[in-house]
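Before any comments, here is the structure.
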Amino acid sequence: MKKVFVTGAAGFIGFHVSQTLIARGHQVFGIDNFNDYYSVALKRNRAQILKEMGCTVENVDLADFNQLKKSFEDFEPTHVVHLAAQAGVRYSLKNPNAYVQSNLVGFTYLLEILKDYPQILTLFASSSSVYGDNQKVPFSESDLTDQPTNLYGATKKANELMAYSYHSLYNLRLLGMRFFTVYGPWGRPDMAYYLFSKAILEKRPIDVFEGEGIKRDFTYIDDIVSGILSALDSSYNFEVFNFGNNKPVFLNDFISTLEEVLGQKAIKNYLPQAKGDMLVTYADITKSENLLGYKPSTDLKEGLLNFIQWFAPRCQGKKLKLQASE
Ligand SMILES: NC(=O)c1ccc[n+]([C@@H]2O[C@H](COP(=O)([O-])OP(=O)(O)OC[C@H]3O[C@@H](n4cnc5c(N)ncnc54)[C@H](O)[C@@H]3O)[C@@H](O)[C@H]2O)c1
């Protein structure tokens, strides 16, 4: 049995990883600061489900060193899955300080704590955003990642560099996971698939930023969780992995699939490409496949159906309740 310290356990990916770990008989202790970047009620609902499964999610801020160290040391983990971060590309233009606090200060504190526990295997979330202006597709782990096009991507790249330094200095075991547009039930209300679904169901227009050229490598949550679990079982000491789907979809094709799943047409409001957004994300997953046996298997339509089955009952006819409770 593993004892896994999950940061960001009330978040989208943290919630799913924690659920799966508990279901497989591992002990999980979660932390989250329940910030209001998106619905706090949604985070509380996820934490409540984890609580009912026997897992505590303590209200701890990564940027509070003493609090973080205490909850970490009280639990005595064998493994760490570090997912807490300020996510989102566009918000990084509005509130850069949130990224500095959670992604840079918070990550430094975690590394400083881990320094005394070099035997612990730590997985940490990076992002496809590190590829920024990289022109070569698909994106491979060996490609240039020195030109992130937004501060979010820059903090994730910084995390990878900081992790390498601590690995080199103190032999810490750190595996970085570059996630590509993760979607699914209990997903994030700030992401396009969630915003589009809500608007279409409510018969409102959707904002499509430069729909013609944009491509995203949508990756279903269960495939991501499988990748994380394989990485937790591995014996690597320092690696960075792409966790994508390897099947990028044009935004307009994505919207057509969503319309098909919802049985409703979207009203599209085309806008110029948003500042800081990448045009294409496309993961080369050869390394993850070879080293971890990572093999995403959920196609977009199936994944969107699962999302809509969770989302539609919460949205339809319950607009006010949705806003009030989630
Ligand atoms: N979902 C995606 O498509 C995607 C893509 C690339 C990378 N990622 C990365 O994966 C990780 C998980 O993403 P997610 O989609 O679950 O996001 P999320 O926002 O749902 O989860 C992150 C959680 O971390 C918590 N948190 C933020 N700052 C904190 C702090 N200072 N202290 C304690 N908790 C804090 C938040 O409250 C939230 O619950 C993040 O690091 C994110 O950057 C996600």
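Letters A, B, ... go to the chains of the structure tokens in the order shown; residues in each chain start at 1; ligands are counted from 1 in the same order.
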
- May I ask you to write as an MDAnalysis selection string all residues lying at most 8 Å from ligand 1, with only C-alpha atoms and all ligand atoms counted? chainID A and resid 7:15 31:38 40 43 59:63 82:88 98 101:103 106 124:129 152 156 178:183 187:188 191 219

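Those residues that approach stretch 109-113 of chain A to within 8 Å, counting only C-alpha atoms, are Leu62, Ala63, Phe65, Leu68, Lys69, Ala163 and Tyr166 of chain A; same-chain residues fewer than 5 positions away are not listed.
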
Write the selection just made, keeping C-alpha atoms, as a compact mmCIF listing (two decimals), in the first residue's frame?
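Generated file (result-v8.txt):
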# COMPACT_ATOMS: atom_id res chain seq x y z
CA LEU A 62 1.30 25.72 -0.59
CA ALA A 63 2.65 29.19 0.03
CA PHE A 65 5.66 26.74 4.44
CA LEU A 68 2.59 22.56 4.34
CA LYS A 69 5.51 20.97 6.18
CA ALA A 163 12.88 20.04 -10.09
CA TYR A 166 16.79 19.62 -6.61

Which residues are near A:Gly153? Cut-off 10 Å, only C-alpha atoms, ignore same chain within fewer than 2 positions. Put them as a compact mmCIF listing (two decimals) with C-alpha atoms, in the first residue's frame.
# COMPACT_ATOMS: atom_id res chain seq x y z
CA ALA A 87 -3.92 26.86 -13.77
CA GLY A 88 -5.29 28.67 -16.83
CA VAL A 89 -3.54 30.58 -19.60
CA SER A 92 -2.14 34.61 -16.11
CA TYR A 99 0.98 32.11 -10.52
CA SER A 126 3.64 20.48 -15.87
CA SER A 127 1.77 21.49 -19.02
CA SER A 128 1.74 21.48 -22.82
CA SER A 129 2.06 25.27 -22.39
CA VAL A 130 5.83 24.83 -21.94
CA TYR A 131 6.04 24.22 -25.73
CA GLY A 132 4.89 27.79 -26.44
CA THR A 145 10.76 24.67 -24.47
CA ASP A 146 12.49 28.00 -23.96
CA GLN A 147 9.74 30.11 -25.51
CA PRO A 148 6.53 29.78 -23.49
CA THR A 149 3.99 32.33 -24.79
CA ASN A 150 2.44 33.11 -21.40
CA LEU A 151 3.41 33.36 -17.73
CA THR A 155 6.01 28.95 -14.36
CA LYS A 156 5.49 25.33 -15.46
CA LYS A 157 8.81 25.35 -17.32
CA ALA A 158 10.41 26.91 -14.24
CA ASN A 159 8.99 24.01 -12.18
CA GLY A 276 -0.90 34.19 -25.14

- Please measure the separation of atom CA of A:Ile285 and atom CA of A:Asn242, giving the value in Å to one decimal.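 Interatomic distance, atom CA of A:Ile285 to atom CA of A:Asn242: 5.8 Å.
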
- Item | Distance query stretch 16-26 of chain A at most 12 Å, only C-alpha atoms, self and fewer than 6 positions along chain excluded, as JSON, numbers by chain | {"A": [1, 2, 3, 4, 5, 6, 7, 8, 9, 10, 46, 47, 48, 49, 50, 51, 52, 53, 54, 55, 56, 57, 77, 78, 79, 80, 81, 82, 83, 123, 182, 183, 184, 185, 186, 187, 220, 221, 222, 223, 224, 225, 226, 227, 228, 229, 230, 232, 233]}

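With distances restricted to only C-alpha atoms, A:Ser197 is the closest residue to A:Ile267 from A:Ser297, A:Ser197, A:Ser288, A:Ser71.
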
- Pick out each residue of stretch 29-122 of chain A that DSSP on the backbone tags as helix (DSSP H, G or I); I need them as an MDAnalysis selection string. chainID A and resid 40:52 65:75 91:94 96:114

- Tell me, in Å to one decimal, how far atom CA of A:Gln316 is from atom CA of A:Arg90.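 Separation of atom CA of A:Gln316 and atom CA of A:Arg90: 27.5 Å.
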
- Task: Figure out the distance between atom CA of A:Asp64 and atom CA of A:Pro189, please, to one decimal in Å.
- Result: 26.5 Å

- Point out the residue among A:Thr257, A:Leu114, A:Ser39, A:Gly213 with the least atom-to-atom distance to A:Asp190, counting only C-alpha atoms.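 Checking each of A:Thr257, A:Leu114, A:Ser39, A:Gly213 against A:Asp190, counting only C-alpha atoms, the winner is A:Ser39.
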
Please identify every residue of stretch 115-181 of chain A that has at least one atom no farther than 9 Å from an atom of stretch 236-241 of chain A, counting only C-alpha atoms, and for each give the shortest atom pair and the distance in Å to one decimal, arranged by chain then increasing number, as JSON lines.
{"residue": "A:Leu121", "atom": "CA", "partner": "A:Asn237", "partner_atom": "CA", "distance": 7.7}
{"residue": "A:Ser126", "atom": "CA", "partner": "A:Val240", "partner_atom": "CA", "distance": 8.6}
{"residue": "A:Ser140", "atom": "CA", "partner": "A:Phe241", "partner_atom": "CA", "distance": 8.9}
{"residue": "A:Glu141", "atom": "CA", "partner": "A:Phe241", "partner_atom": "CA", "distance": 6.6}
{"residue": "A:Glu160", "atom": "CA", "partner": "A:Val240", "partner_atom": "CA", "distance": 7.9}
{"residue": "A:Ala163", "atom": "CA", "partner": "A:Phe238", "partner_atom": "CA", "distance": 8.5}
{"residue": "A:Tyr164", "atom": "CA", "partner": "A:Phe238", "partner_atom": "CA", "distance": 7.3}
{"residue": "A:His167", "atom": "CA", "partner": "A:Phe238", "partner_atom": "CA", "distance": 7.0}
{"residue": "A:Asn171", "atom": "CA", "partner": "A:Asn237", "partner_atom": "CA", "distance": 8.0}
{"residue": "A:Leu172", "atom": "CA", "partner": "A:Asn237", "partner_atom": "CA", "distance": 7.3}
{"residue": "A:Arg173", "atom": "CA", "partner": "A:Asn237", "partner_atom": "CA", "distance": 4.4}
{"residue": "A:Leu174", "atom": "CA", "partner": "A:Phe238", "partner_atom": "CA", "distance": 5.0}
{"residue": "A:Leu175", "atom": "CA", "partner": "A:Glu239", "partner_atom": "CA", "distance": 5.0}
{"residue": "A:Gly176", "atom": "CA", "partner": "A:Val240", "partner_atom": "CA", "distance": 4.4}
{"residue": "A:Met177", "atom": "CA", "partner": "A:Phe241", "partner_atom": "CA", "distance": 5.0}
{"residue": "A:Arg178", "atom": "CA", "partner": "A:Phe241", "partner_atom": "CA", "distance": 5.9}
{"residue": "A:Phe179", "atom": "CA", "partner": "A:Phe241", "partner_atom": "CA", "distance": 8.6}

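Considering the residues A:Tyr294, A:Phe254, A:Tyr270, A:Phe72 and counting only C-alpha atoms, A:Lys215 has its shortest atom-to-atom contact with A:Phe254.
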
- Residue set, stretch 86-217 of chain A restricted to strand (DSSP E or B), as a list in words: Leu121, Thr122, Leu123, Phe124, Ala125, Ser126, Ser127, Phe139, Arg173, Leu174, Leu175, Gly176, Met177, Arg178, Phe179, Val182, Tyr183, Pro205, Ile206, Asp207, Val208, Phe209, Lys215 and Arg216 of chain A

- Item | Who sits within 12 Å of stretch 259-261 of chain A, only C-alpha atoms, same chain under 6 positions skipped, as a ChimeraX atom specification | /A:193,196-201,203,206,252-253,267-268,300-309,312

- Task: Rank nothing, just name the residue among A:Asp284, A:Asp299, A:Glu210, A:Glu76 nearest to A:Phe250, using only C-alpha atoms.
- Result: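 Closest to A:Phe250 of all the choices is A:Glu210.
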